[in-house]
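**Student:** Below you will find the structure I want to go over with you.
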Amino acid sequence: MNFALCGLALLALTCAANRWKWLSGALALPIALISLVAVLGYLFGAEEFYTLASKVTGLAAPTSVAFLLSGSGIIAAQIDCSYLRWLASPHSGGVMLRRLLPLATVLPAGLVWLGQKGQAAGVFSSSQFGAAAVVVGVIFSASVSLLWCAALLDRLDRRHMAAEEQVQQLNIALLNRLNALQVANKELEGFSYAASHVFLTPLRAIDGFSRILLDEYADKLDSEGKRLLGVVRSSALDVHELVDETLGFLRFGRDDLSADLIDMAALVRSALKQLEPKTGGRKLKIEMQPLPAAWGDASMIEHVWANLLDNAIRFTAPKPEARIEVGATPGANETVYYVRDNGVGFDMQYVDKLFGVFSRLHGAELAGNGMGLAIVRRLVTRHGGRVWAESKLGEGATFYFALPTKETGDA
Amino acid sequence: MPDLNSRVEILLVEDTATDAELSMYALKKHNLTNNLVWVKDGAEALDFLFARGSYAERKTTSSPKVVMLDLRLPKIDGLEVLRQIKADETLKHVPVVVLTSSKEDRDLAECYKFGANSFVTKPVEFNEFVDAVAKLGLYWVLVNKPPE
């Protein structure tokens, strides 16, 4: 019978499917138990034990040892999916089990065997002494092992508590930082809210009253006076644009992101349409490669395209024939979109300054107010993406932005 | 200031003198300033509308044809003025045009929630500003027919 069980258990073990592995463990357990009974019977000369075992299975002493070993082996071979998996666990349960299991099995068997041998060899004569000595041995070893385990558990518990306390402290520190961040955000929000009023009102007055002066006192102003007033007005409008862009920059940093599936080609067309007035009848050759869809906030990504295309249109202004190419390279984790132009380009040694707030690599007539690329970077970063650029001075530039193919922004 | 007991057509609620002057400049081109009252904060606006405080002598039989209301005002802010107008049985029919520097979606949403009749962001560029204010004045004073 044990042969049959053992064969089945081994068959189940070799099965590749994990769902059969438990069966091999379940079959190996009776093998190991029956053999254990027989082995103990032979060990202590307890006839009933091994005759019982041999009646069921017909095991001789060496065979039962072999079966005990093979049964245990089969259990060990697939210990991960058996009821003994804790034996292999690296955690405190596993450590405890590995320490206590020999105590429960080998120790009593060994002590009783020693007692029997001692009595047989005439070291002591009464079987009561043997029994008492075994009990003393078990009590002593069990107590030592239990103490050993208690010390282990205690140590683990202390370590655990210390770690927990550390986590708690880190949590508090994190919460404090979060609070500080929220306060700073609130302040910024309050600032940008008040700023539109505070900055725009005097600008409106500068522009308005200069204009009224030009209209109502035209006969008292010579051409130089009118020119000077024109400078005042256009400067006021420049500041207005700057304030607007700065507030936009702040707003884009705090507005919630929506997660739309974006038709990038449609977005580019819409951005180009908005920019039409700025092209001023120039000869522009715009080439559009296929653009994969993206996940993100459609209005923010449209802003990204609008800023990059606006740049390309401005940087190509000095060229007789402007060429702008829009395209994308799909990837496993991110899609890289780009806008390439044959404009004035920039020196790569200043590439780090490109995406900074209010930073420009060209004069204002070409480069605008220095907010566009800062906004681009902020919007793309908020989507969990990145931006970069390549250029050769005088030959054109390519601006890239990569968006993750899965949603990973901060929304 | 016009005679408070003749019908006031426009109540301009504006704390910034330059903005008020520019608004009146725009309205004057269309002769819309004869019956205009300019108040400089929210409390004064409510005093005028409810005929109390320094406006206690005013008869409340006729309400302005339109209130041009700035949002950021001293003492009582524009949103609260709007709320009180729209909460009052006799005043709630008075059209309130919010005229503000704000471009915040939050302000826009709040104003309409409280029953604003129109929301206009003040342009910074002079021509656009004059054009917007003049159009508002012409529409609400001359084109629109208020309840009697």
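By convention in this document, the chains of the structure tokens carry letters A, B, ... by their order, each chain's residues are numbered from 1, and ligands are numbered from 1 in the order they are shown.
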For the structure I just gave you, how does DSSP split segment 249-321 of chain A - specifically, which residues are helix (DSSP H, G or I)? Reply as a PyMOL selection string.
**Tutor:** chain A and resi 249-254+264-279+298-315
**Student:** Given the selection you just returned, output its residues as a file containing C-alpha atoms, formatted as an mmCIF file, in the first residue's frame.
**Tutor:**
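What landed in part_16.cif:
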```cif
data_model
loop_
_atom_site.group_PDB
_atom_site.id
_atom_site.type_symbol
_atom_site.label_atom_id
_atom_site.label_comp_id
_atom_site.auth_asym_id
_atom_site.auth_seq_id
_atom_site.Cartn_x
_atom_site.Cartn_y
_atom_site.Cartn_z
ATOM 1 C CA PHE A 249 1.339 79.408 -15.253
ATOM 2 C CA LEU A 250 0.217 79.449 -11.626
ATOM 3 C CA ARG A 251 -3.281 78.321 -12.535
ATOM 4 C CA PHE A 252 -1.992 75.409 -14.605
ATOM 5 C CA GLY A 253 0.013 74.356 -11.591
ATOM 6 C CA ARG A 254 -2.991 74.035 -9.319
ATOM 7 C CA MET A 264 -3.726 64.730 -30.691
ATOM 8 C CA ALA A 265 -4.132 65.468 -34.410
ATOM 9 C CA ALA A 266 -7.356 67.385 -33.739
ATOM 10 C CA LEU A 267 -5.639 69.266 -30.937
ATOM 11 C CA VAL A 268 -2.755 70.298 -33.190
ATOM 12 C CA ARG A 269 -5.155 71.486 -35.889
ATOM 13 C CA SER A 270 -7.110 73.508 -33.339
ATOM 14 C CA ALA A 271 -3.897 75.027 -31.926
ATOM 15 C CA LEU A 272 -2.737 75.929 -35.448
ATOM 16 C CA LYS A 273 -6.051 77.580 -36.182
ATOM 17 C CA GLN A 274 -5.700 79.730 -33.064
ATOM 18 C CA LEU A 275 -2.231 80.761 -34.180
ATOM 19 C CA GLU A 276 -3.305 81.717 -37.698
ATOM 20 C CA PRO A 277 -3.459 85.467 -36.945
ATOM 21 C CA LYS A 278 0.183 85.314 -35.818
ATOM 22 C CA THR A 279 1.467 83.874 -39.076
ATOM 23 C CA ALA A 298 -7.120 68.024 -23.273
ATOM 24 C CA SER A 299 -7.126 71.772 -22.591
ATOM 25 C CA MET A 300 -3.698 71.636 -20.943
ATOM 26 C CA ILE A 301 -2.174 69.508 -23.701
ATOM 27 C CA GLU A 302 -3.632 71.859 -26.289
ATOM 28 C CA HIS A 303 -1.732 74.603 -24.494
ATOM 29 C CA VAL A 304 1.449 72.571 -24.836
ATOM 30 C CA TRP A 305 0.959 72.228 -28.581
ATOM 31 C CA ALA A 306 -0.030 75.886 -28.947
ATOM 32 C CA ASN A 307 3.112 77.054 -27.131
ATOM 33 C CA LEU A 308 5.457 74.787 -29.084
ATOM 34 C CA LEU A 309 3.871 75.676 -32.425
ATOM 35 C CA ASP A 310 3.885 79.372 -31.506
ATOM 36 C CA ASN A 311 7.614 79.062 -30.816
ATOM 37 C CA ALA A 312 8.218 77.288 -34.116
ATOM 38 C CA ILE A 313 6.287 79.952 -36.003
ATOM 39 C CA ARG A 314 8.235 82.739 -34.309
ATOM 40 C CA PHE A 315 11.662 81.134 -34.626
#
```
**Student:** Determine which residues of chain B sit within 12 Å of chain A, taking into account only C-alpha atoms, and present them as number ranges by chain.
**Tutor:** B: 14-23, 25-26, 70-73, 99-107, 121-130
**Student:** List as a PDB file with N, CA and C atoms, in the first residue's frame the protein and nucleic acid residues near Arg98 of chain A, meaning an atom at most 12 Å away when only C-alpha atoms are counted, but skip any in the same chain fewer than 2 places from it.
**Tutor:**
```pdb
ATOM      1  N   LEU A  84       2.804  22.230   5.628  1.00  0.00           N
ATOM      2  CA  LEU A  84       4.021  22.454   6.412  1.00  0.00           C
ATOM      3  C   LEU A  84       4.838  23.631   5.883  1.00  0.00           C
ATOM      4  N   ARG A  85       4.185  24.514   5.053  1.00  0.00           N
ATOM      5  CA  ARG A  85       4.977  25.581   4.421  1.00  0.00           C
ATOM      6  C   ARG A  85       5.580  26.542   5.443  1.00  0.00           C
ATOM      7  N   TRP A  86       4.965  26.566   6.652  1.00  0.00           N
ATOM      8  CA  TRP A  86       5.527  27.474   7.668  1.00  0.00           C
ATOM      9  C   TRP A  86       6.912  27.030   8.128  1.00  0.00           C
ATOM     10  N   LEU A  87       7.167  25.738   7.899  1.00  0.00           N
ATOM     11  CA  LEU A  87       8.472  25.198   8.272  1.00  0.00           C
ATOM     12  C   LEU A  87       9.594  25.899   7.505  1.00  0.00           C
ATOM     13  N   ALA A  88       9.263  26.314   6.280  1.00  0.00           N
ATOM     14  CA  ALA A  88      10.282  26.955   5.451  1.00  0.00           C
ATOM     15  C   ALA A  88      10.201  28.477   5.531  1.00  0.00           C
ATOM     16  N   SER A  89       9.234  28.981   6.329  1.00  0.00           N
ATOM     17  CA  SER A  89       9.042  30.431   6.347  1.00  0.00           C
ATOM     18  C   SER A  89      10.226  31.135   7.005  1.00  0.00           C
ATOM     19  N   PRO A  90      10.692  32.241   6.425  1.00  0.00           N
ATOM     20  CA  PRO A  90      11.810  32.972   7.027  1.00  0.00           C
ATOM     21  C   PRO A  90      11.356  33.837   8.207  1.00  0.00           C
ATOM     22  N   HIS A  91      10.044  33.912   8.434  1.00  0.00           N
ATOM     23  CA  HIS A  91       9.536  34.797   9.493  1.00  0.00           C
ATOM     24  C   HIS A  91       9.516  34.077  10.836  1.00  0.00           C
ATOM     25  N   SER A  92       9.049  34.800  11.864  1.00  0.00           N
ATOM     26  CA  SER A  92       9.206  34.255  13.217  1.00  0.00           C
ATOM     27  C   SER A  92       8.445  32.947  13.391  1.00  0.00           C
ATOM     28  N   GLY A  93       7.326  32.765  12.692  1.00  0.00           N
ATOM     29  CA  GLY A  93       6.586  31.506  12.775  1.00  0.00           C
ATOM     30  C   GLY A  93       7.455  30.340  12.337  1.00  0.00           C
ATOM     31  N   GLY A  94       8.172  30.533  11.232  1.00  0.00           N
ATOM     32  CA  GLY A  94       9.045  29.494  10.706  1.00  0.00           C
ATOM     33  C   GLY A  94      10.180  29.187  11.677  1.00  0.00           C
ATOM     34  N   VAL A  95      10.767  30.244  12.222  1.00  0.00           N
ATOM     35  CA  VAL A  95      11.883  30.068  13.169  1.00  0.00           C
ATOM     36  C   VAL A  95      11.418  29.253  14.376  1.00  0.00           C
ATOM     37  N   MET A  96      10.244  29.645  14.913  1.00  0.00           N
ATOM     38  CA  MET A  96       9.681  28.941  16.075  1.00  0.00           C
ATOM     39  C   MET A  96       9.445  27.473  15.761  1.00  0.00           C
ATOM     40  N   LEU A 100      10.992  24.259  17.592  1.00  0.00           N
ATOM     41  CA  LEU A 100      10.166  23.441  18.487  1.00  0.00           C
ATOM     42  C   LEU A 100       9.847  22.058  17.929  1.00  0.00           C
ATOM     43  N   LEU A 101       9.874  21.914  16.589  1.00  0.00           N
ATOM     44  CA  LEU A 101       9.498  20.629  16.003  1.00  0.00           C
ATOM     45  C   LEU A 101      10.427  19.476  16.448  1.00  0.00           C
ATOM     46  N   PRO A 102      11.759  19.685  16.458  1.00  0.00           N
ATOM     47  CA  PRO A 102      12.632  18.608  16.970  1.00  0.00           C
ATOM     48  C   PRO A 102      12.325  18.286  18.423  1.00  0.00           C
ATOM     49  N   LEU A 103      11.969  19.315  19.192  1.00  0.00           N
ATOM     50  CA  LEU A 103      11.654  19.135  20.604  1.00  0.00           C
ATOM     51  C   LEU A 103      10.457  18.210  20.775  1.00  0.00           C
ATOM     52  N   ALA A 104       9.492  18.365  19.879  1.00  0.00           N
ATOM     53  CA  ALA A 104       8.275  17.565  19.984  1.00  0.00           C
ATOM     54  C   ALA A 104       8.457  16.173  19.403  1.00  0.00           C
ATOM     55  N   THR A 105       9.459  15.963  18.553  1.00  0.00           N
ATOM     56  CA  THR A 105       9.581  14.673  17.865  1.00  0.00           C
ATOM     57  C   THR A 105      10.840  13.912  18.280  1.00  0.00           C
ATOM     58  N   SER A 145      14.023  25.246  25.566  1.00  0.00           N
ATOM     59  CA  SER A 145      13.580  25.631  24.221  1.00  0.00           C
ATOM     60  C   SER A 145      12.517  26.720  24.275  1.00  0.00           C
ATOM     61  N   CYS A 149      12.642  30.380  22.654  1.00  0.00           N
ATOM     62  CA  CYS A 149      11.630  30.929  21.742  1.00  0.00           C
ATOM     63  C   CYS A 149      11.040  32.228  22.285  1.00  0.00           C
TER      64      CYS A 149
END
```
**Student:** Residues within 12 Å of segment 61-63 of chain B, please, as a ChimeraX atom specification. Count only C-alpha atoms; anything in the same chain fewer than 2 positions from it doesn't count.
**Tutor:** /B:4-11,35,37,48-51,57-59,65-67,85,90-96,146-148
**Student:** Go ahead and compute the interatomic distance for atom CA of Glu334 of chain A and atom CA of Val376 of chain A, in Å to one decimal.
**Tutor:**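 These two atoms are separated by 17.0 Å.
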**Student:** Determine which residues of segment 6-147 of chain B receive a DSSP assignment of strand (DSSP E), computed from the backbone, and state them as a list in words.
**Tutor:**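 Those in segment 6-147 of chain B that DSSP calls strand (DSSP E) are Ile10, Leu11, Leu12, Val13, Leu36, Val37, Trp38, Val39, Val66, Val67, Met68, Leu69, Val96, Val97, Val98, Leu99, Thr100, Ser118, Phe119, Val120 and Thr121 of chain B.
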**Student:** In Å, with one decimal, what is the gap from atom CA of Thr335 of chain A to atom CA of Ile286 of chain A?
**Tutor:**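 One can read the atom CA of Thr335 of chain A to atom CA of Ile286 of chain A distance as 21.0 Å.
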**Student:** Return the single residue from A:Val65, A:Ala133, A:Leu146, A:Ala163 that is closest to Leu97 of chain A, with distances computed using only C-alpha atoms.
**Tutor:** A:Leu146
**Student:** Which of these residues is nearest to Ala43 of chain B, using only C-alpha atoms: B:Ala87, B:Leu69, B:Leu12, B:Val81?
**Tutor:**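 Once distances to Ala43 of chain B are computed over only C-alpha atoms, the minimum belongs to B:Val81.
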**Student:** At what distance in Å, to one decimal, does atom CA of Gln169 of chain A lie from atom CA of Leu156 of chain A?
**Tutor:**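 Rounded to one decimal, the two atoms are 19.9 Å apart.
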**Student:** So, counting only C-alpha atoms, which residue among A:Ser35, A:Thr246, A:Ser235, A:Ser141 is closest to Phe191 of chain A?
**Tutor:**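 Looking only at the distances to Phe191 of chain A, the closest residue turns out to be A:Thr246.
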**Student:** If you count only C-alpha atoms, which residues fall within 10 Å of segment 389-404 of chain A, apart from same-chain ones fewer than 5 positions away, as JSON, numbers by chain?
**Tutor:** {"A": [294, 295, 296, 301, 304, 305, 308, 309, 311, 312, 315, 316, 319, 322, 323, 324, 325, 326, 327, 328, 329, 330, 331, 332, 333, 334, 335, 336, 337, 338, 339, 340, 341, 342, 343, 344, 345, 346, 347, 348, 351, 352, 354, 355, 373, 376, 377, 380, 381, 383, 384, 409]}
**Student:** Name all residues at most 8 Å from Phe114 of chain B (count only C-alpha atoms; drop same-chain ones fewer than 3 positions away) and give them as a ChimeraX atom specification.
**Tutor:** /B:79,82-83,86,110-111
**Student:** Smallest atom-to-atom distance to Val98 of chain B: which of B:Leu46, B:Val39, B:Leu136, B:Val141, using only C-alpha atoms?
**Tutor:** B:Leu136
